[in-house]
>>> print(open('my_file.txt').read())   # compact mmCIF, C-alpha atoms
# COMPACT_ATOMS: atom_id res chain seq x y z
CA MET A 1 0.00 0.00 0.00
CA THR A 2 2.79 2.40 0.93
CA SER A 3 4.60 1.86 -2.36
CA ARG A 4 1.36 2.48 -4.26
CA VAL A 5 0.72 5.72 -2.38
CA GLU A 6 4.29 6.90 -2.90
CA ALA A 7 4.11 6.11 -6.62
CA LEU A 8 0.78 7.92 -7.02
CA ARG A 9 2.04 10.92 -5.08
CA ALA A 10 5.18 11.15 -7.25
CA GLN A 11 3.25 10.73 -10.51
CA SER A 12 0.67 13.30 -9.44
CA ALA A 13 3.41 15.79 -8.50
CA ALA A 14 5.10 15.28 -11.87
CA LEU A 15 1.81 15.96 -13.65
CA VAL A 16 1.23 19.12 -11.63
CA ASP A 17 4.72 20.28 -12.53
CA VAL A 18 4.30 19.83 -16.28
CA ALA A 19 0.75 21.23 -16.28
CA ARG A 20 2.09 24.59 -15.07
CA ASP A 21 3.47 25.06 -18.59
CA VAL A 22 0.27 24.07 -20.44
CA LYS A 23 -2.01 27.09 -20.12
CA VAL A 24 -4.26 26.66 -23.13
CA LEU A 25 -6.30 29.85 -22.97
CA SER A 26 -3.24 31.96 -22.16
CA ALA A 27 -1.37 30.42 -25.09
CA LEU A 28 -4.25 31.22 -27.46
CA SER A 29 -5.24 34.63 -26.09
CA TRP A 30 -5.07 37.76 -28.22
CA PRO A 31 -3.42 40.96 -27.00
CA GLU A 32 -5.89 43.62 -25.96
CA GLU A 33 -4.71 45.94 -28.71
CA ILE A 34 -5.95 43.55 -31.44
CA VAL A 35 -9.46 43.66 -30.04
CA HIS A 36 -9.25 47.43 -29.58
CA ASP A 37 -7.92 48.06 -33.10
CA PHE A 38 -10.61 45.90 -34.72
CA LEU A 39 -13.38 47.69 -32.85
CA GLU A 40 -12.00 51.13 -33.63
CA ALA A 41 -11.71 50.29 -37.35
CA TRP A 42 -15.26 48.95 -37.41
CA ARG A 43 -16.60 52.08 -35.70
CA ARG A 44 -14.87 54.20 -38.36
CA GLY A 45 -16.64 52.18 -41.07
CA ASN A 46 -13.44 50.47 -42.25
CA PRO A 47 -13.55 46.96 -40.73
CA ALA A 48 -10.89 44.39 -41.51
CA LEU A 49 -10.24 40.85 -40.38
CA PRO A 50 -7.83 40.85 -37.43
CA GLU A 51 -4.50 39.07 -37.58
CA PRO A 52 -4.23 36.94 -34.44
CA PRO A 53 -0.76 36.14 -33.12
CA PRO A 54 0.58 32.58 -33.18
CA PRO A 55 0.08 30.61 -29.96
CA ARG A 56 2.65 31.25 -27.28
CA ALA A 57 5.39 28.64 -27.35
CA LEU A 58 5.56 26.01 -24.61
CA PRO A 59 8.77 24.41 -23.33
CA GLU A 60 10.09 21.95 -25.91
CA ASP A 61 10.16 19.04 -23.47
CA THR A 62 6.50 19.35 -22.46
CA GLY A 63 5.34 16.47 -24.66
CA ALA A 64 8.18 14.21 -23.50
CA ARG A 65 7.40 14.88 -19.85
CA LEU A 66 3.75 13.97 -20.40
CA GLU A 67 4.84 10.83 -22.22
CA ALA A 68 7.00 9.84 -19.24
CA ILE A 69 4.01 10.15 -16.92
CA LEU A 70 1.88 8.02 -19.24
CA ASP A 71 4.60 5.36 -19.23
CA ALA A 72 4.87 5.40 -15.42
CA VAL A 73 1.23 5.20 -14.31
CA ASP A 74 -0.65 1.96 -13.71
CA PRO A 75 -3.89 2.10 -15.76
CA GLY A 76 -5.18 -0.86 -13.75
CA ASP A 77 -5.40 1.42 -10.72
CA PRO A 78 -8.39 3.81 -10.95
CA VAL A 79 -6.23 6.69 -9.72
CA GLY A 80 -3.51 5.72 -12.18
CA GLN A 81 -6.10 5.76 -14.96
CA TYR A 82 -7.25 9.21 -13.82
CA LEU A 83 -3.65 10.46 -14.02
CA ALA A 84 -3.26 8.88 -17.45
CA ASP A 85 -6.49 10.42 -18.73
CA THR A 86 -5.44 13.83 -17.43
CA ALA A 87 -1.95 13.61 -18.93
CA GLU A 88 -3.45 12.46 -22.23
CA SER A 89 -5.84 15.42 -22.29
CA TYR A 90 -2.89 17.77 -21.92
CA ARG A 91 -1.02 15.94 -24.66
CA THR A 92 -4.06 16.20 -26.94
CA ILE A 93 -4.30 19.93 -26.40
CA LEU A 94 -0.63 20.31 -27.36
CA GLY A 95 -1.69 19.07 -30.78
CA LEU A 96 -4.30 21.81 -30.98
CA LEU A 97 -1.75 24.48 -30.12
CA SER A 98 0.71 23.23 -32.72
CA ALA A 99 -2.03 23.10 -35.39
CA ALA A 100 -3.66 26.46 -34.60
CA GLY A 101 -5.62 27.94 -37.51
CA THR A 102 -5.99 24.62 -39.34
CA PRO A 103 -8.73 21.98 -39.76
CA GLU A 104 -6.77 19.72 -37.39
CA ALA A 105 -7.00 22.26 -34.56
CA HIS A 106 -10.75 22.46 -35.14
CA ARG A 107 -11.05 18.66 -35.05
CA ILE A 108 -9.15 18.46 -31.77
CA SER A 109 -11.24 21.27 -30.31
CA ARG A 110 -14.43 19.35 -31.06
CA GLU A 111 -12.90 16.17 -29.62
CA VAL A 112 -11.97 17.90 -26.34
CA PHE A 113 -14.80 20.41 -25.88
CA GLY A 114 -17.59 19.14 -28.13
CA GLY A 115 -19.52 20.87 -30.89
CA PRO A 116 -22.92 22.49 -31.37
CA ARG A 117 -24.46 19.48 -33.11
CA ALA A 118 -23.62 16.91 -30.41
CA ARG A 119 -26.67 15.54 -28.62
CA ILE A 120 -27.55 16.23 -25.00
CA THR A 121 -27.46 13.10 -22.85
CA GLY A 122 -30.99 11.91 -22.15
CA SER A 123 -32.49 14.15 -24.84
CA THR A 124 -33.17 14.12 -28.56
CA LEU A 125 -31.96 17.72 -28.78
CA THR A 126 -28.54 18.85 -29.92
CA HIS A 127 -26.80 21.65 -28.04
CA LEU A 128 -27.51 23.94 -30.98
CA GLU A 129 -31.22 23.10 -30.89
CA ALA A 130 -31.31 23.65 -27.13
CA ALA A 131 -29.56 26.99 -27.54
CA ASP A 132 -32.03 28.06 -30.22
CA ARG A 133 -34.99 27.05 -28.06
CA LEU A 134 -33.55 28.96 -25.14
CA LEU A 135 -33.13 32.06 -27.28
CA ALA A 136 -36.63 31.74 -28.71
CA SER A 137 -38.29 31.15 -25.34
CA THR A 138 -36.59 34.15 -23.74
CA ALA A 139 -36.78 36.61 -26.65
CA ALA A 140 -40.01 38.28 -25.59
CA LEU A 141 -38.99 38.37 -21.95
CA ASP A 142 -35.63 39.86 -22.90
CA GLU A 143 -37.36 42.58 -24.89
CA ALA A 144 -39.85 43.29 -22.10
CA THR A 145 -37.22 43.56 -19.39
CA ARG A 146 -34.64 45.70 -21.15
CA ASP A 147 -36.03 48.83 -19.52
CA PHE A 148 -35.33 47.21 -16.16
CA ASP A 149 -31.65 46.52 -16.85
CA GLU A 150 -29.25 47.78 -14.24
CA GLU A 151 -28.10 51.28 -15.03
CA ILE A 152 -25.35 51.20 -12.40
CA HIS A 153 -21.93 50.50 -13.84
CA LEU A 154 -19.02 49.48 -11.65
CA ASP A 155 -15.33 49.55 -12.38
CA ALA A 156 -13.02 46.61 -11.74
CA ASP A 157 -11.80 48.02 -8.40
CA GLN A 158 -15.37 48.11 -7.07
CA VAL A 159 -16.03 44.55 -8.21
CA ALA A 160 -12.77 43.38 -6.65
CA ALA A 161 -13.76 44.94 -3.34
CA GLY A 162 -17.18 43.28 -3.52
CA LEU A 163 -15.68 39.84 -4.19
CA ARG A 164 -13.20 40.18 -1.33
CA ALA A 165 -15.99 41.15 1.05
CA ARG A 166 -18.23 38.22 0.05
CA TRP A 167 -15.51 35.60 0.65
CA GLU A 168 -13.70 37.14 3.60
CA GLY A 169 -12.97 34.45 6.18
CA PHE A 170 -14.25 31.52 4.10
CA PHE A 171 -10.85 30.16 3.05
CA GLU A 172 -8.02 29.67 5.53
CA ALA A 173 -5.62 31.45 3.20
CA PRO A 174 -7.13 34.64 1.72
CA LEU A 175 -7.92 34.70 -1.98
CA GLU A 176 -6.19 37.44 -3.94
CA VAL A 177 -8.32 39.50 -6.35
CA VAL A 178 -6.25 41.43 -8.91
CA LEU A 179 -6.79 43.53 -12.04
CA ASP A 180 -5.35 42.40 -15.38
CA THR A 181 -5.10 44.69 -18.41
CA GLN A 182 -4.57 41.79 -20.86
CA LEU A 183 -7.33 39.44 -19.73
CA ALA A 184 -9.75 38.63 -22.56
CA ALA A 185 -12.63 37.47 -20.36
CA LYS A 186 -14.26 39.46 -17.57
CA ALA A 187 -12.62 37.20 -15.01
CA ALA A 188 -10.51 34.09 -14.53
CA ALA A 189 -9.91 32.17 -11.32
CA SER A 190 -7.30 29.84 -9.88
CA ALA A 191 -6.76 28.43 -6.40
CA ASP A 192 -4.90 31.50 -5.20
CA ARG A 193 -6.37 34.44 -7.06
CA VAL A 194 -9.09 35.86 -9.25
CA ARG A 195 -8.12 38.13 -12.14
CA LEU A 196 -10.57 40.78 -13.34
CA HIS A 197 -10.46 42.59 -16.67
CA ALA A 198 -9.00 45.94 -15.60
CA HIS A 199 -11.06 47.93 -18.13
CA GLY A 200 -14.19 45.78 -18.02
CA VAL A 201 -17.70 47.19 -17.72
CA PHE A 202 -19.45 45.58 -14.74
CA THR A 203 -22.80 45.76 -12.97
CA PRO A 204 -23.68 44.94 -9.34
CA ASN A 205 -25.02 41.55 -10.48
CA ASP A 206 -21.57 40.69 -11.82
CA ILE A 207 -20.33 40.57 -8.25
CA LEU A 208 -22.89 37.84 -7.46
CA GLN A 209 -22.30 35.95 -10.69
CA LEU A 210 -18.50 36.03 -10.53
CA SER A 211 -18.61 35.18 -6.84
CA GLU A 212 -20.53 31.95 -7.40
CA HIS A 213 -18.94 30.97 -10.72
CA GLU A 214 -15.29 31.91 -10.34
CA ILE A 215 -14.72 31.63 -6.61
CA GLY A 216 -17.50 29.32 -5.39
CA VAL A 217 -16.60 26.67 -7.98
CA HIS A 218 -13.33 27.27 -9.84
CA SER A 219 -11.21 28.56 -6.96
CA LEU A 220 -12.91 26.28 -4.44
CA THR A 221 -12.45 23.03 -6.39
CA SER A 222 -8.88 23.96 -7.25
CA ARG A 223 -8.07 24.58 -3.58
CA ASN A 224 -9.69 21.32 -2.53
CA GLY A 225 -7.73 19.43 -5.17
CA ARG A 226 -4.46 21.09 -4.31
CA ALA A 227 -5.02 20.21 -0.63
CA GLN A 228 -5.30 16.47 -1.37
CA PRO A 229 -2.62 14.59 0.61
CA ILE A 230 -1.78 12.20 -2.25
CA VAL A 231 -3.33 13.21 -5.59
CA THR A 232 -2.66 16.96 -5.82
CA ALA A 233 -3.31 16.70 -9.57
CA LEU A 234 -6.99 16.94 -8.63
CA GLY A 235 -6.38 20.68 -8.42
CA LEU A 236 -5.55 20.93 -12.12
CA GLY A 237 -7.90 22.56 -14.61
CA ALA A 238 -7.12 19.99 -17.28
CA PRO A 239 -8.88 20.21 -20.67
CA ARG A 240 -10.86 17.03 -19.91
CA THR A 241 -12.51 18.65 -16.88
CA THR A 242 -13.58 21.86 -18.63
CA ALA A 243 -17.16 20.85 -19.44
CA THR A 244 -17.92 19.68 -15.90
CA GLN A 245 -16.19 22.67 -14.31
CA GLU A 246 -18.00 25.22 -16.44
CA GLY A 247 -21.28 23.34 -16.14
CA LEU A 248 -20.97 23.19 -12.37
CA ALA A 249 -20.04 26.87 -12.20
CA THR A 250 -22.97 27.88 -14.42
CA PHE A 251 -25.32 25.70 -12.38
CA ALA A 252 -24.06 27.51 -9.26
CA GLU A 253 -25.13 30.79 -10.86
CA LEU A 254 -28.54 29.32 -11.66
CA VAL A 255 -29.29 27.71 -8.28
CA THR A 256 -28.19 30.81 -6.34
CA GLY A 257 -30.19 33.19 -8.55
CA SER A 258 -27.09 35.11 -9.57
CA ILE A 259 -27.38 34.54 -13.32
CA ASP A 260 -29.35 37.16 -15.24
CA LEU A 261 -31.20 36.87 -18.54
CA SER A 262 -28.49 38.58 -20.58
CA ARG A 263 -25.87 36.18 -19.29
CA LEU A 264 -28.06 33.11 -19.90
CA ARG A 265 -28.82 34.22 -23.46
CA ARG A 266 -25.15 34.96 -24.06
CA LEU A 267 -24.29 31.32 -23.31
CA ALA A 268 -26.80 30.31 -25.99
CA TYR A 269 -25.51 32.98 -28.40
CA ARG A 270 -22.06 31.46 -28.17
CA VAL A 271 -23.28 28.05 -29.32
CA ARG A 272 -25.14 29.59 -32.26
CA ALA A 273 -22.14 31.81 -33.10
CA ILE A 274 -19.80 28.80 -33.12
CA HIS A 275 -22.19 27.06 -35.52
CA HIS A 276 -22.20 30.10 -37.82
CA ALA A 277 -18.41 30.11 -37.83
CA GLU A 278 -18.22 26.38 -38.52
CA GLU A 279 -20.58 26.92 -41.46
CA GLY A 280 -18.15 29.43 -42.94
CA ALA A 281 -18.93 32.80 -41.35
CA SER A 282 -15.82 34.94 -40.90
CA PHE A 283 -14.77 36.85 -37.81
CA LEU A 284 -16.46 39.97 -39.17
CA GLU A 285 -19.66 38.12 -40.10
CA VAL A 286 -19.97 36.50 -36.67
CA PHE A 287 -19.35 39.86 -35.01
CA GLU A 288 -22.05 41.55 -37.13
CA TRP A 289 -24.49 38.70 -36.44
CA LEU A 290 -24.03 39.23 -32.71
CA LEU A 291 -24.71 42.93 -33.21
CA SER A 292 -27.87 42.09 -35.16
CA ILE A 293 -29.33 40.21 -32.18
CA GLY A 294 -28.71 43.08 -29.80
CA GLU A 295 -25.27 42.46 -28.32
CA PRO A 296 -23.30 45.63 -27.53
CA ASP A 297 -20.23 45.97 -29.73
CA HIS A 298 -17.79 45.57 -26.82
CA GLU A 299 -19.45 42.27 -25.85
CA ALA A 300 -19.83 41.09 -29.45
CA VAL A 301 -16.16 41.54 -30.29
CA ARG A 302 -15.03 39.61 -27.22
CA THR A 303 -17.42 36.76 -27.89
CA THR A 304 -16.18 36.60 -31.48
CA MET A 305 -12.56 36.66 -30.37
CA ARG A 306 -13.20 33.74 -28.00
CA ILE A 307 -14.53 31.67 -30.89
CA PHE A 308 -11.69 32.44 -33.29
CA ARG A 309 -8.70 32.09 -30.94
CA GLY A 310 -6.59 29.28 -32.34
CA GLY A 311 -8.85 29.22 -35.39
CA ASP A 312 -9.06 30.73 -38.87
CA VAL A 313 -10.60 34.25 -38.92
CA ARG A 314 -11.96 33.48 -42.39
CA GLY A 315 -14.27 30.86 -40.87
CA ARG A 316 -14.93 27.09 -40.67
CA HIS A 317 -12.02 26.15 -38.39
CA VAL A 318 -12.63 27.60 -34.94
CA PHE A 319 -12.28 27.06 -31.19
CA THR A 320 -15.40 25.35 -29.84
CA LYS A 321 -14.66 25.64 -26.11
CA ASP A 322 -17.65 27.92 -25.46
CA VAL A 323 -20.05 25.05 -26.19
CA VAL A 324 -19.14 23.64 -22.76
CA TYR A 325 -21.19 26.16 -20.75
CA LEU A 326 -24.56 24.88 -21.96
CA ARG A 327 -23.25 21.36 -22.54
CA GLY A 328 -21.86 21.20 -19.01
CA LEU A 329 -24.93 22.84 -17.48
CA PHE A 330 -27.28 20.23 -18.93
CA ALA A 331 -24.94 17.40 -17.90
CA VAL A 332 -24.46 18.66 -14.34
CA HIS A 333 -28.19 19.31 -13.87
CA THR A 334 -28.98 15.77 -15.01
CA PHE A 335 -26.19 14.26 -12.89
CA LEU A 336 -27.37 16.02 -9.74
CA ARG A 337 -30.99 14.98 -10.32
CA LYS A 338 -29.93 11.37 -10.91
CA ALA A 339 -27.64 11.32 -7.86
CA ILE A 340 -30.49 12.43 -5.62
CA ALA A 341 -33.01 10.10 -7.28
CA ASP A 342 -30.61 7.15 -6.80
CA HIS A 343 -29.99 8.10 -3.15
CA ARG A 344 -26.34 8.95 -3.81
CA PRO A 345 -25.88 12.39 -2.20
CA ASP A 346 -22.22 11.46 -1.61
CA LEU A 347 -21.63 11.99 -5.34
CA ILE A 348 -22.53 15.67 -5.00
CA ARG A 349 -19.84 16.25 -2.37
CA ARG A 350 -17.32 14.39 -4.50
CA LEU A 351 -17.77 16.91 -7.29
CA PHE A 352 -15.96 19.45 -5.10
CA ALA A 353 -13.00 17.27 -4.04
CA GLY A 354 -11.05 18.71 -6.97
CA ARG A 355 -11.48 19.62 -10.59
CA LEU A 356 -13.13 16.36 -11.58
CA THR A 357 -15.31 15.18 -14.43
CA LEU A 358 -18.73 13.71 -13.70
CA GLY A 359 -17.33 10.32 -14.68
CA ASP A 360 -14.44 10.67 -12.23
CA CYS A 361 -16.92 10.85 -9.33
CA LEU A 362 -18.00 7.31 -10.20
CA GLU A 363 -14.78 5.78 -11.48
CA LEU A 364 -12.77 6.93 -8.46
CA GLU A 365 -15.26 5.49 -5.96
CA GLU A 366 -12.74 3.00 -4.59
CA ALA A 367 -10.20 5.79 -4.06
CA PHE A 368 -12.77 7.86 -2.17
CA ASP A 369 -13.72 4.84 -0.07
CA ASP A 370 -10.17 3.80 0.86
CA GLY A 371 -9.00 7.37 1.58
CA THR A 372 -6.63 7.76 -1.37
CA ILE A 373 -8.80 10.77 -2.21
CA SER A 374 -9.98 12.86 0.72
CA PRO A 375 -13.40 14.52 1.05
CA PRO A 376 -13.52 18.17 0.02
CA LYS A 377 -12.44 20.67 2.63
CA TYR A 378 -14.68 23.41 1.24
CA ILE A 379 -18.27 23.08 -0.02
CA PRO A 380 -20.39 25.97 -1.35
CA SER A 381 -23.47 26.55 0.78
CA TRP A 382 -25.94 25.68 -1.99
CA ALA A 383 -24.36 22.21 -2.40
CA GLY A 384 -24.15 21.57 1.32
CA ASN A 385 -27.91 21.81 1.84
CA LEU A 386 -29.08 18.72 -0.05
CA ARG A 387 -32.77 19.06 0.83
CA ASN A 388 -32.89 22.57 -0.61
CA LEU A 389 -30.97 21.43 -3.68
CA ALA A 390 -33.33 18.49 -4.17
CA ALA A 391 -36.34 20.81 -3.95
CA PHE A 392 -34.86 23.12 -6.59
CA LEU A 393 -34.08 20.25 -8.96
CA ALA A 394 -37.46 18.58 -8.47
CA PHE A 395 -39.49 21.71 -9.09
CA SER A 396 -37.39 22.86 -12.06
CA THR A 397 -37.93 19.43 -13.64
CA LEU A 398 -41.71 19.57 -13.14
CA SER A 399 -42.03 23.16 -14.35
CA ASP A 400 -40.35 22.19 -17.63
CA LYS A 401 -43.46 20.11 -18.43
CA ILE A 402 -45.70 23.18 -18.64
CA ASP A 403 -46.11 24.48 -22.19
CA LEU A 404 -46.42 28.26 -21.84
CA SER A 405 -47.47 28.63 -25.48
CA GLY A 406 -50.86 27.16 -24.53
CA VAL A 407 -51.38 29.32 -21.45
CA GLU A 408 -52.77 32.83 -21.10
CA LEU A 409 -52.22 34.94 -18.02
CA GLU A 410 -55.97 35.05 -17.47
CA ASP A 411 -55.99 31.24 -17.25
CA VAL A 412 -53.57 31.09 -14.33
CA HIS A 413 -55.20 31.21 -10.89
CA ALA A 414 -53.97 30.08 -7.53
CA ALA A 415 -57.46 28.72 -6.83
CA PRO A 416 -60.84 28.66 -8.59
CA ARG A 417 -62.71 31.91 -8.23
CA GLN A 418 -65.90 31.61 -6.20
CA ARG A 419 -68.84 33.89 -6.88
CA LEU A 420 -70.71 35.21 -3.89
CA ILE A 421 -74.42 34.41 -4.28
CA LEU A 422 -76.79 36.56 -2.25
CA SER A 423 -80.18 35.21 -1.42
>>> encode(input="my_file.txt", output="structure tokens")
Amino acid sequence: MTSRVEALRAQSAALVDVARDVKVLSALSWPEEIVHDFLEAWRRGNPALPEPPPPRALPEDTGARLEAILDAVDPGDPVGQYLADTAESYRTILGLLSAAGTPEAHRISREVFGGPRARITGSTLTHLEAADRLLASTAALDEATRDFDEEIHLDADQVAAGLRARWEGFFEAPLEVVLDTQLAAKAAASADRVRLHAHGVFTPNDILQLSEHEIGVHSLTSRNGRAQPIVTALGLGAPRTTATQEGLATFAELVTGSIDLSRLRRLAYRVRAIHHAEEGASFLEVFEWLLSIGEPDHEAVRTTMRIFRGGDVRGRHVFTKDVVYLRGLFAVHTFLRKAIADHRPDLIRRLFAGRLTLGDCLELEEAFDDGTISPPKYIPSWAGNLRNLAAFLAFSTLSDKIDLSGVELEDVHAAPRQRLILS
């Protein structure tokens, strides 16, 4: 037993060491000036396709180090198989980086992250069809509520202060919240810190949304994984865990009421935009399509950039990672419902032991049982109260059965109206 533990600990540490050099999104990110220059040219009426930089180079021995880990692990051991799967996912993504802008990069992206036309587990719908239904079902509500949008705008310093206040005292070691001038997204989180786009436009609701998504899931699971006594690789945000991580984080927004309609629709927009790009729409055409459905230009350009990083700005070969938000949300929602229905609440806690996939929670059962993997140190409050979570999942499932297209407001009553008859 001791030799097994020592081997797993050494292999896990080696994987953590090499993974520090494989930062996929950082390697594919575009400098802020490219986004700025494109937007300025478009506003002047002289748009042009941007010229993205080549991916940032990784150390030359990265592939060999991953290969050494794959040779060392025991695939007959569930934890060894987990380490092998994780190392292989990093090796696969190296192929994407080396093939950036080509059909091969697009193929690998779909293999790792999925594509719009893949089917949702337990449903006849594809992710694209689900996204389109979500957009259609919320279109009227979006139009009706635009006058109620938050007018208050916050700068990054205000958001940083709000995030620090919400999580003060939760973690033993304080979480650092910093501003980043080159960050493409609004925010990005690791175990130790959250980076905010220094020049981003935020609203008060962003504090709630980023709190639950970035800190309550991404930072929390990373810290739990890093704190594992044997398998510290559970703290890694490997490509294979992306769909579950983003799905869990988006579900956290949903169950805590911190997601707003614009954000929810944006997740659907991204799936539709990826489909347009795969069908041949260029960077400019995807950007203008996003404008046509009401996205502000500063949001539209960033969404478009996310889709074309590592891809071809002329279209067809793109980065499909943004499919994982809806894909992961559907998968996590179904997994949680099934775990509760099958009387397996332990599976919900396991999701937070590190940055795991849904499958890992099942396949590593023996490791959880024998203590090779420890229970999570931190659990978000919404996941700790299983009866409340079960109520949310049960009611959301039932409410989906009501077809609103056949209902008028006048038909909905809490109880039958009784007429008073006077004699």
>>> closest_residue(input="my_file.txt", among="A:Glu51, A:Glu104, A:Asp17, A:Glu67", to="Arg314 in chain A", atoms="only C-alpha atoms")
A:Glu51
>>> residues_around(input="my_file.txt", residues="range 97-99 of chain A", least_positions_apart="3", cutoff="8 Å", atoms="only C-alpha atoms", output="PDB file with C-alpha atoms, in the coordinates of the input")
ATOM      1  CA  VAL A  24      -4.260  26.660 -23.130  1.00  0.00           C
ATOM      2  CA  ALA A  27      -1.370  30.420 -25.090  1.00  0.00           C
ATOM      3  CA  LEU A  28      -4.250  31.220 -27.460  1.00  0.00           C
ATOM      4  CA  PRO A  55       0.080  30.610 -29.960  1.00  0.00           C
ATOM      5  CA  ILE A  93      -4.300  19.930 -26.400  1.00  0.00           C
ATOM      6  CA  LEU A  94      -0.630  20.310 -27.360  1.00  0.00           C
ATOM      7  CA  THR A 102      -5.990  24.620 -39.340  1.00  0.00           C
ATOM      8  CA  GLU A 104      -6.770  19.720 -37.390  1.00  0.00           C
ATOM      9  CA  ALA A 105      -7.000  22.260 -34.560  1.00  0.00           C
ATOM     10  CA  GLY A 310      -6.590  29.280 -32.340  1.00  0.00           C
TER      11      GLY A 310
END
>>> residues_around(input="my_file.txt", residues="Val194 in chain A", least_positions_apart="2", cutoff="8 Å", atoms="all atoms listed in the file", output="list of chain:residue names")
A:Leu175, A:Glu176, A:Val177, A:Val178, A:Ala187, A:Ala188, A:Ala189, A:Ser190, A:Asp192, A:Leu196, A:Glu214, A:Ile215, A:Ser219
>>> atom_distance(input="my_file.txt", atom1="CA of Thr221 in chain A", atom2="CA of Pro380 in chain A")
9.9 Å
>>> atom_distance(input="my_file.txt", atom1="CA of Pro31 in chain A", atom2="CA of Gly216 in chain A")
28.3 Å
>>> atom_distance(input="my_file.txt", atom1="CA of Thr242 in chain A", atom2="CA of Thr126 in chain A")
19.0 Å
>>> residues_around(input="my_file.txt", residues="Gln182 in chain A", least_positions_apart="6", cutoff="12 Å", atoms="only C-alpha atoms", output="list in words")
Ser26, Ser29, Trp30, Pro31, Glu32, Glu33, Ile34, Val35, His36, Ala188, Arg195, Leu196, His197, Ala198, His199 and Gly200 of chain A
>>> write_last_selection(input="my_file.txt", atoms="C-alpha atoms", output="PDB file, keeping the file's coordinate frame")
ATOM      1  CA  SER A  26      -3.240  31.960 -22.160  1.00  0.00           C
ATOM      2  CA  SER A  29      -5.240  34.630 -26.090  1.00  0.00           C
ATOM      3  CA  TRP A  30      -5.070  37.760 -28.220  1.00  0.00           C
ATOM      4  CA  PRO A  31      -3.420  40.960 -27.000  1.00  0.00           C
ATOM      5  CA  GLU A  32      -5.890  43.620 -25.960  1.00  0.00           C
ATOM      6  CA  GLU A  33      -4.710  45.940 -28.710  1.00  0.00           C
ATOM      7  CA  ILE A  34      -5.950  43.550 -31.440  1.00  0.00           C
ATOM      8  CA  VAL A  35      -9.460  43.660 -30.040  1.00  0.00           C
ATOM      9  CA  HIS A  36      -9.250  47.430 -29.580  1.00  0.00           C
ATOM     10  CA  ALA A 188     -10.510  34.090 -14.530  1.00  0.00           C
ATOM     11  CA  ARG A 195      -8.120  38.130 -12.140  1.00  0.00           C
ATOM     12  CA  LEU A 196     -10.570  40.780 -13.340  1.00  0.00           C
ATOM     13  CA  HIS A 197     -10.460  42.590 -16.670  1.00  0.00           C
ATOM     14  CA  ALA A 198      -9.000  45.940 -15.600  1.00  0.00           C
ATOM     15  CA  HIS A 199     -11.060  47.930 -18.130  1.00  0.00           C
ATOM     16  CA  GLY A 200     -14.190  45.780 -18.020  1.00  0.00           C
TER      17      GLY A 200
END
>>> residues_around(input="my_file.txt", residues="range 80-85 of chain A", least_positions_apart="2", cutoff="10 Å", atoms="all atoms listed in the file", output="ChimeraX atom specification")
/A:4,7-8,11-12,15,66-67,69-78,87-91,231,233-234,238,240,356,360,363-364
